[in-house]
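> Data file coords.pdb (PDB, C-alpha atoms, pLDDT in the B column) is appended below.
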MODEL        1
ATOM      1  CA  MET A   1      52.608  93.723 105.148  1.00 96.00           C
ATOM      2  CA  ARG A   2      52.530  92.008 108.541  1.00 98.00           C
ATOM      3  CA  ILE A   3      55.282  91.444 111.109  1.00 98.00           C
ATOM      4  CA  GLY A   4      55.657  88.471 113.446  1.00 98.00           C
ATOM      5  CA  TYR A   5      57.937  87.743 116.372  1.00 98.00           C
ATOM      6  CA  GLY A   6      58.878  84.292 117.635  1.00 98.00           C
ATOM      7  CA  TYR A   7      60.749  83.087 120.692  1.00 98.00           C
ATOM      8  CA  ASP A   8      61.613  79.640 121.963  1.00 97.00           C
ATOM      9  CA  VAL A   9      63.762  78.127 124.696  1.00 97.00           C
ATOM     10  CA  HIS A  10      64.722  74.526 125.444  1.00 97.00           C
ATOM     11  CA  PRO A  11      66.869  72.977 128.153  1.00 97.00           C
ATOM     12  CA  MET A  12      69.912  70.936 127.174  1.00 97.00           C
ATOM     13  CA  GLY A  13      70.716  67.443 128.303  1.00 96.00           C
ATOM     14  CA  PRO A  14      72.612  64.285 127.439  1.00 95.00           C
ATOM     15  CA  GLY A  15      71.310  61.531 125.213  1.00 92.00           C
ATOM     16  CA  ARG A  16      69.787  63.741 122.536  1.00 95.00           C
ATOM     17  CA  LYS A  17      71.037  64.950 119.160  1.00 96.00           C
ATOM     18  CA  LEU A  18      71.489  68.705 118.859  1.00 98.00           C
ATOM     19  CA  ILE A  19      69.291  69.811 115.954  1.00 98.00           C
ATOM     20  CA  LEU A  20      69.325  73.499 114.978  1.00 98.00           C
ATOM     21  CA  GLY A  21      67.902  74.926 111.788  1.00 98.00           C
ATOM     22  CA  GLY A  22      67.146  71.383 110.668  1.00 98.00           C
ATOM     23  CA  ILE A  23      70.732  70.143 110.798  1.00 98.00           C
ATOM     24  CA  GLU A  24      72.528  67.994 113.317  1.00 98.00           C
ATOM     25  CA  ILE A  25      75.349  69.788 115.126  1.00 98.00           C
ATOM     26  CA  PRO A  26      78.027  67.614 116.749  1.00 96.00           C
ATOM     27  CA  HIS A  27      77.864  68.196 120.512  1.00 97.00           C
ATOM     28  CA  GLY A  28      77.743  66.180 123.723  1.00 95.00           C
ATOM     29  CA  LYS A  29      74.271  67.479 124.629  1.00 96.00           C
ATOM     30  CA  GLY A  30      71.040  68.043 122.760  1.00 97.00           C
ATOM     31  CA  LEU A  31      67.902  70.062 123.323  1.00 97.00           C
ATOM     32  CA  LEU A  32      65.183  68.394 125.365  1.00 96.00           C
ATOM     33  CA  GLY A  33      61.533  68.456 124.393  1.00 93.00           C
ATOM     34  CA  HIS A  34      58.649  66.650 122.716  1.00 91.00           C
ATOM     35  CA  SER A  35      59.679  66.999 119.050  1.00 93.00           C
ATOM     36  CA  ASP A  36      63.289  67.222 117.882  1.00 96.00           C
ATOM     37  CA  SER A  37      63.343  70.427 119.991  1.00 96.00           C
ATOM     38  CA  ASP A  38      64.827  72.579 117.219  1.00 98.00           C
ATOM     39  CA  VAL A  39      64.639  75.881 119.081  1.00 98.00           C
ATOM     40  CA  LEU A  40      65.484  77.892 115.934  1.00 98.00           C
ATOM     41  CA  VAL A  41      62.804  76.398 113.698  1.00 98.00           C
ATOM     42  CA  HIS A  42      60.277  76.691 116.539  1.00 98.00           C
ATOM     43  CA  ALA A  43      60.978  80.426 116.841  1.00 98.00           C
ATOM     44  CA  VAL A  44      60.620  80.845 113.062  1.00 98.00           C
ATOM     45  CA  CYS A  45      57.303  78.982 113.084  1.00 98.00           C
ATOM     46  CA  ASP A  46      56.038  81.138 115.964  1.00 98.00           C
ATOM     47  CA  ALA A  47      57.011  84.312 114.105  1.00 98.00           C
ATOM     48  CA  LEU A  48      55.206  83.192 110.949  1.00 98.00           C
ATOM     49  CA  LEU A  49      52.104  82.073 112.853  1.00 98.00           C
ATOM     50  CA  GLY A  50      52.076  85.347 114.774  1.00 98.00           C
ATOM     51  CA  ALA A  51      52.320  87.407 111.588  1.00 98.00           C
ATOM     52  CA  MET A  52      49.289  85.524 110.266  1.00 98.00           C
ATOM     53  CA  GLY A  53      47.374  86.086 113.515  1.00 97.00           C
ATOM     54  CA  GLU A  54      47.311  82.322 114.105  1.00 97.00           C
ATOM     55  CA  GLY A  55      48.584  82.077 117.672  1.00 95.00           C
ATOM     56  CA  ASP A  56      51.660  80.016 118.447  1.00 94.00           C
ATOM     57  CA  LEU A  57      53.221  76.627 117.788  1.00 92.00           C
ATOM     58  CA  GLY A  58      51.644  75.011 120.864  1.00 91.00           C
ATOM     59  CA  ARG A  59      48.160  75.912 119.656  1.00 94.00           C
ATOM     60  CA  HIS A  60      48.631  74.073 116.367  1.00 93.00           C
ATOM     61  CA  TYR A  61      51.048  71.306 117.424  1.00 92.00           C
ATOM     62  CA  PRO A  62      50.541  70.624 121.145  1.00 90.00           C
ATOM     63  CA  SER A  63      53.245  68.716 122.997  1.00 88.00           C
ATOM     64  CA  SER A  64      50.445  66.680 124.584  1.00 90.00           C
ATOM     65  CA  ASP A  65      49.737  65.070 121.179  1.00 90.00           C
ATOM     66  CA  PRO A  66      51.803  61.889 120.731  1.00 90.00           C
ATOM     67  CA  LYS A  67      51.869  62.259 116.934  1.00 88.00           C
ATOM     68  CA  TYR A  68      54.408  65.096 117.307  1.00 89.00           C
ATOM     69  CA  LYS A  69      56.762  63.051 119.535  1.00 89.00           C
ATOM     70  CA  GLY A  70      60.250  63.143 118.007  1.00 89.00           C
ATOM     71  CA  MET A  71      58.967  64.866 114.849  1.00 93.00           C
ATOM     72  CA  SER A  72      61.321  66.946 112.743  1.00 96.00           C
ATOM     73  CA  SER A  73      60.591  70.614 113.262  1.00 97.00           C
ATOM     74  CA  LEU A  74      61.156  71.107 109.525  1.00 98.00           C
ATOM     75  CA  THR A  75      57.886  69.189 109.008  1.00 97.00           C
ATOM     76  CA  LEU A  76      56.183  71.750 111.248  1.00 97.00           C
ATOM     77  CA  LEU A  77      57.756  74.576 109.206  1.00 98.00           C
ATOM     78  CA  GLU A  78      56.473  73.020 105.984  1.00 98.00           C
ATOM     79  CA  ASP A  79      52.973  72.886 107.463  1.00 97.00           C
ATOM     80  CA  VAL A  80      53.160  76.480 108.730  1.00 98.00           C
ATOM     81  CA  MET A  81      54.238  77.596 105.241  1.00 98.00           C
ATOM     82  CA  ALA A  82      51.255  75.742 103.735  1.00 98.00           C
ATOM     83  CA  LYS A  83      48.985  77.710 106.097  1.00 98.00           C
ATOM     84  CA  LEU A  84      50.727  80.952 105.121  1.00 98.00           C
ATOM     85  CA  THR A  85      50.310  80.246 101.401  1.00 98.00           C
ATOM     86  CA  SER A  86      46.664  79.222 101.805  1.00 98.00           C
ATOM     87  CA  LYS A  87      45.976  82.562 103.523  1.00 97.00           C
ATOM     88  CA  GLY A  88      47.432  84.443 100.537  1.00 98.00           C
ATOM     89  CA  TYR A  89      50.792  85.495 102.024  1.00 98.00           C
ATOM     90  CA  ARG A  90      54.442  85.090 101.105  1.00 98.00           C
ATOM     91  CA  VAL A  91      57.568  85.624 103.180  1.00 98.00           C
ATOM     92  CA  GLY A  92      59.234  89.021 102.822  1.00 98.00           C
ATOM     93  CA  ASN A  93      62.130  88.018 105.083  1.00 98.00           C
ATOM     94  CA  ILE A  94      62.999  86.178 108.295  1.00 98.00           C
ATOM     95  CA  ASP A  95      65.733  87.288 110.692  1.00 98.00           C
ATOM     96  CA  THR A  96      66.842  85.076 113.591  1.00 98.00           C
ATOM     97  CA  VAL A  97      69.211  84.954 116.549  1.00 98.00           C
ATOM     98  CA  ILE A  98      70.306  81.812 118.393  1.00 98.00           C
ATOM     99  CA  VAL A  99      71.622  82.428 121.910  1.00 98.00           C
ATOM    100  CA  ALA A 100      73.971  79.589 122.873  1.00 97.00           C
ATOM    101  CA  GLN A 101      77.174  79.285 124.862  1.00 96.00           C
ATOM    102  CA  ALA A 102      78.349  76.109 123.119  1.00 95.00           C
ATOM    103  CA  PRO A 103      79.029  74.615 120.680  1.00 96.00           C
ATOM    104  CA  ARG A 104      80.426  77.172 118.256  1.00 95.00           C
ATOM    105  CA  LEU A 105      77.685  77.576 115.647  1.00 97.00           C
ATOM    106  CA  GLY A 106      79.289  80.000 113.170  1.00 96.00           C
ATOM    107  CA  PRO A 107      80.464  77.257 110.793  1.00 97.00           C
ATOM    108  CA  HIS A 108      76.900  75.847 110.597  1.00 98.00           C
ATOM    109  CA  LEU A 109      74.860  79.014 109.975  1.00 98.00           C
ATOM    110  CA  ALA A 110      74.831  78.805 106.152  1.00 97.00           C
ATOM    111  CA  ALA A 111      73.691  75.166 106.279  1.00 98.00           C
ATOM    112  CA  MET A 112      70.881  76.081 108.712  1.00 98.00           C
ATOM    113  CA  GLN A 113      69.789  78.919 106.444  1.00 98.00           C
ATOM    114  CA  LYS A 114      69.754  76.636 103.400  1.00 98.00           C
ATOM    115  CA  LYS A 115      67.914  73.789 105.157  1.00 98.00           C
ATOM    116  CA  MET A 116      65.181  76.051 106.553  1.00 98.00           C
ATOM    117  CA  ALA A 117      64.759  77.788 103.186  1.00 98.00           C
ATOM    118  CA  GLU A 118      64.313  74.405 101.499  1.00 98.00           C
ATOM    119  CA  ALA A 119      61.656  73.373 104.019  1.00 98.00           C
ATOM    120  CA  ALA A 120      59.898  76.741 103.696  1.00 98.00           C
ATOM    121  CA  GLY A 121      60.096  76.721  99.893  1.00 98.00           C
ATOM    122  CA  ILE A 122      61.735  80.137  99.788  1.00 98.00           C
ATOM    123  CA  ASP A 123      65.020  81.609  98.598  1.00 98.00           C
ATOM    124  CA  PRO A 124      67.808  81.213 101.190  1.00 97.00           C
ATOM    125  CA  ASP A 125      68.493  84.956 100.894  1.00 97.00           C
ATOM    126  CA  LEU A 126      65.167  85.557 102.662  1.00 98.00           C
ATOM    127  CA  ILE A 127      66.433  83.913 105.887  1.00 98.00           C
ATOM    128  CA  ASN A 128      69.188  85.320 108.069  1.00 98.00           C
ATOM    129  CA  VAL A 129      70.667  83.303 110.952  1.00 98.00           C
ATOM    130  CA  LYS A 130      72.866  84.908 113.604  1.00 98.00           C
ATOM    131  CA  VAL A 131      74.336  83.560 116.820  1.00 97.00           C
ATOM    132  CA  LYS A 132      75.245  85.205 120.115  1.00 97.00           C
ATOM    133  CA  SER A 133      76.953  83.574 123.074  1.00 94.00           C
ATOM    134  CA  GLY A 134      75.551  83.554 126.565  1.00 90.00           C
ATOM    135  CA  GLU A 135      78.713  85.351 127.738  1.00 93.00           C
ATOM    136  CA  GLY A 136      78.800  82.925 130.665  1.00 91.00           C
ATOM    137  CA  LEU A 137      75.628  84.446 132.143  1.00 92.00           C
ATOM    138  CA  ASP A 138      72.377  82.767 133.256  1.00 93.00           C
ATOM    139  CA  ALA A 139      71.235  79.276 132.170  1.00 95.00           C
ATOM    140  CA  VAL A 140      72.355  79.794 128.564  1.00 95.00           C
ATOM    141  CA  GLY A 141      75.824  80.902 129.644  1.00 95.00           C
ATOM    142  CA  GLU A 142      76.043  77.830 131.865  1.00 94.00           C
ATOM    143  CA  GLU A 143      75.109  75.606 128.872  1.00 95.00           C
ATOM    144  CA  LYS A 144      71.848  74.530 130.500  1.00 96.00           C
ATOM    145  CA  GLY A 145      69.744  75.633 127.523  1.00 97.00           C
ATOM    146  CA  MET A 146      69.433  77.576 124.284  1.00 98.00           C
ATOM    147  CA  ILE A 147      67.169  80.388 123.174  1.00 98.00           C
ATOM    148  CA  ALA A 148      66.140  81.518 119.702  1.00 98.00           C
ATOM    149  CA  HIS A 149      64.422  84.691 118.533  1.00 98.00           C
ATOM    150  CA  ALA A 150      62.902  85.256 115.090  1.00 98.00           C
ATOM    151  CA  VAL A 151      61.181  88.135 113.399  1.00 98.00           C
ATOM    152  CA  CYS A 152      59.514  87.988 110.004  1.00 98.00           C
ATOM    153  CA  VAL A 153      57.714  90.103 107.491  1.00 98.00           C
ATOM    154  CA  ILE A 154      54.987  88.552 105.405  1.00 98.00           C
ATOM    155  CA  GLU A 155      53.241  90.200 102.476  1.00 98.00           C
ATOM    156  CA  GLU A 156      50.022  89.623 100.617  1.00 97.00           C
ATOM    157  CA  VAL A 157      50.572  87.850  97.322  1.00 95.00           C
TER
ENDMDL
END
Show me this structure written as structure tokens.

Amino acid sequence: MRIGYGYDVHPMGPGRKLILGGIEIPHGKGLLGHSDSDVLVHAVCDALLGAMGEGDLGRHYPSSDPKYKGMSSLTLLEDVMAKLTSKGYRVGNIDTVIVAQAPRLGPHLAAMQKKMAEAAGIDPDLINVKVKSGEGLDAVGEEKGMIAHAVCVIEEV
């Protein structure tokens, strides 16, 4: 058994769709970055890569590479899962937290869980998605960005 931890943060801004857990959330701002900037999927990928001892997302999918521009983060998750499978591991479970002041994400958590599970090729019961507000504090509380944390357990097949 191996444990991995992932973390990601992205600023928010106008003119972008807000994509979290692979789904579009209606909101006036989106997350800024090179890919679709799905902070939740990025944290999950980092946790899985870390558990495998494979570094982080930037090592495998650098933002300096134009082929990742605008790419769906679910495609990155699919690729990370292919690496995990090829190394002889399976997911034990994934637990996540999104830290966001707005919009209200509670109604979307089950859809995020389902979408990420589909991309990862695992049972949705193996992924847990939680949300916490920024409580009006720091950049998250001021709606300038979002943060996601993920922890996972992987096991040898």
> I want to know what sits within 7 Å of stretch 44-48 of chain A, based on all atoms listed in the file, with residues of the same chain fewer than 6 positions away left out; could you give that as a PyMOL selection string?
chain A and resi 4-7+56-57+77+80+150-152
> Can I get the selection written as a compact mmCIF listing (two decimals), in the coordinates of the input, with C-alpha atoms?

# COMPACT_ATOMS: atom_id res chain seq x y z
CA GLY A 4 55.66 88.47 113.45
CA TYR A 5 57.94 87.74 116.37
CA GLY A 6 58.88 84.29 117.64
CA TYR A 7 60.75 83.09 120.69
CA ASP A 56 51.66 80.02 118.45
CA LEU A 57 53.22 76.63 117.79
CA LEU A 77 57.76 74.58 109.21
CA VAL A 80 53.16 76.48 108.73
CA ALA A 150 62.90 85.26 115.09
CA VAL A 151 61.18 88.14 113.40
CA CYS A 152 59.51 87.99 110.00
> Restricting the calculation to only C-alpha atoms: of A:Ile127, A:Ala111, A:Ile154, A:Leu31, which residue gets closest to A:Val140?
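Comparing A:Ile127, A:Ala111, A:Ile154, A:Leu31 against A:Val140, the winner is A:Leu31.
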> Just so the selection is clear, what residues does the PyMOL selection byres ((chain A and resi 30) around 9) cover here, as JSON, numbers by chain?
{"A": [11, 12, 13, 14, 15, 16, 17, 18, 19, 25, 27, 28, 29, 31, 32, 37]}
> Rounded to one decimal in Å, what is the spacing between atom CA of A:Asp79 and atom CA of A:Gly121?
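Result for atom CA of A:Asp79 versus atom CA of A:Gly121: 11.1 Å, one decimal.
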> Is it possible to get the axis-aligned box enclosing stretch 8-20 of chain A (all listed atoms, 6 Å extra per side) as JSON, with centre and edge lengths in Å rounded to one decimal?

{"center_x": 67.1, "center_y": 70.6, "center_z": 121.6, "size_x": 23.0, "size_y": 30.1, "size_z": 25.3}
> Go through A:Ala120, A:Met71, A:Val99, A:Leu105 and flag the residue nearest A:Lys83, using only C-alpha atoms for the distances.
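Answer, going by the shortest atom-to-atom distance: A:Ala120.
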> Would you work out the distance separating atom CA of A:Tyr68 from atom CA of A:Ser35, expressed in Å to one decimal?
5.9 Å
> Check which residues satisfy the PyMOL selection byres ((chain A and resi 69) around 12) in the file shown, then give them as a list in words.
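Here the PyMOL selection byres ((chain A and resi 69) around 12) matches Leu32, Gly33, His34, Ser35, Asp36, Ser37, Tyr61, Pro62, Ser63, Ser64, Asp65, Pro66, Lys67, Tyr68, Gly70, Met71, Ser72 and Ser73 of chain A.
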> What does the distance between atom CA of A:Ile147 and atom CA of A:Asp8 come to in Å, to one decimal place?
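Result for atom CA of A:Ile147 versus atom CA of A:Asp8: 5.7 Å, one decimal.
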> Output as a CSV table (one decimal), in the frame of the given file: stretch 4-19 of chain A, completed with N, CA and C atoms.

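Result file is out.csv:
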chain,number,residue,atom,x,y,z
A,4,GLY,N,55.8,89.5,112.4
A,4,GLY,CA,55.7,88.5,113.4
A,4,GLY,C,56.9,88.3,114.2
A,5,TYR,N,56.8,88.0,115.5
A,5,TYR,CA,57.9,87.7,116.4
A,5,TYR,C,57.8,86.4,117.0
A,6,GLY,N,58.9,85.6,117.0
A,6,GLY,CA,58.9,84.3,117.6
A,6,GLY,C,60.0,84.1,118.6
A,7,TYR,N,59.8,83.3,119.6
A,7,TYR,CA,60.7,83.1,120.7
A,7,TYR,C,60.6,81.6,121.1
A,8,ASP,N,61.7,81.0,121.4
A,8,ASP,CA,61.6,79.6,122.0
A,8,ASP,C,62.8,79.4,122.8
A,9,VAL,N,62.7,78.5,123.8
A,9,VAL,CA,63.8,78.1,124.7
A,9,VAL,C,63.6,76.6,125.0
A,10,HIS,N,64.7,75.9,125.1
A,10,HIS,CA,64.7,74.5,125.4
A,10,HIS,C,65.9,74.3,126.3
A,11,PRO,N,65.7,73.4,127.3
A,11,PRO,CA,66.9,73.0,128.2
A,11,PRO,C,67.7,72.0,127.4
A,12,MET,N,69.0,71.9,127.8
A,12,MET,CA,69.9,70.9,127.2
A,12,MET,C,70.1,69.8,128.1
A,13,GLY,N,70.4,68.6,127.5
A,13,GLY,CA,70.7,67.4,128.3
A,13,GLY,C,71.4,66.4,127.5
A,14,PRO,N,71.9,65.4,128.1
A,14,PRO,CA,72.6,64.3,127.4
A,14,PRO,C,71.6,63.3,126.8
A,15,GLY,N,72.1,62.6,125.8
A,15,GLY,CA,71.3,61.5,125.2
A,15,GLY,C,70.4,62.0,124.1
A,16,ARG,N,70.6,63.2,123.7
A,16,ARG,CA,69.8,63.7,122.5
A,16,ARG,C,70.7,64.3,121.5
A,17,LYS,N,70.3,64.3,120.2
A,17,LYS,CA,71.0,65.0,119.2
A,17,LYS,C,70.7,66.4,119.3
A,18,LEU,N,71.7,67.3,118.9
A,18,LEU,CA,71.5,68.7,118.9
A,18,LEU,C,71.1,69.1,117.4
A,19,ILE,N,69.8,69.4,117.3
A,19,ILE,CA,69.3,69.8,116.0
A,19,ILE,C,69.0,71.3,116.0
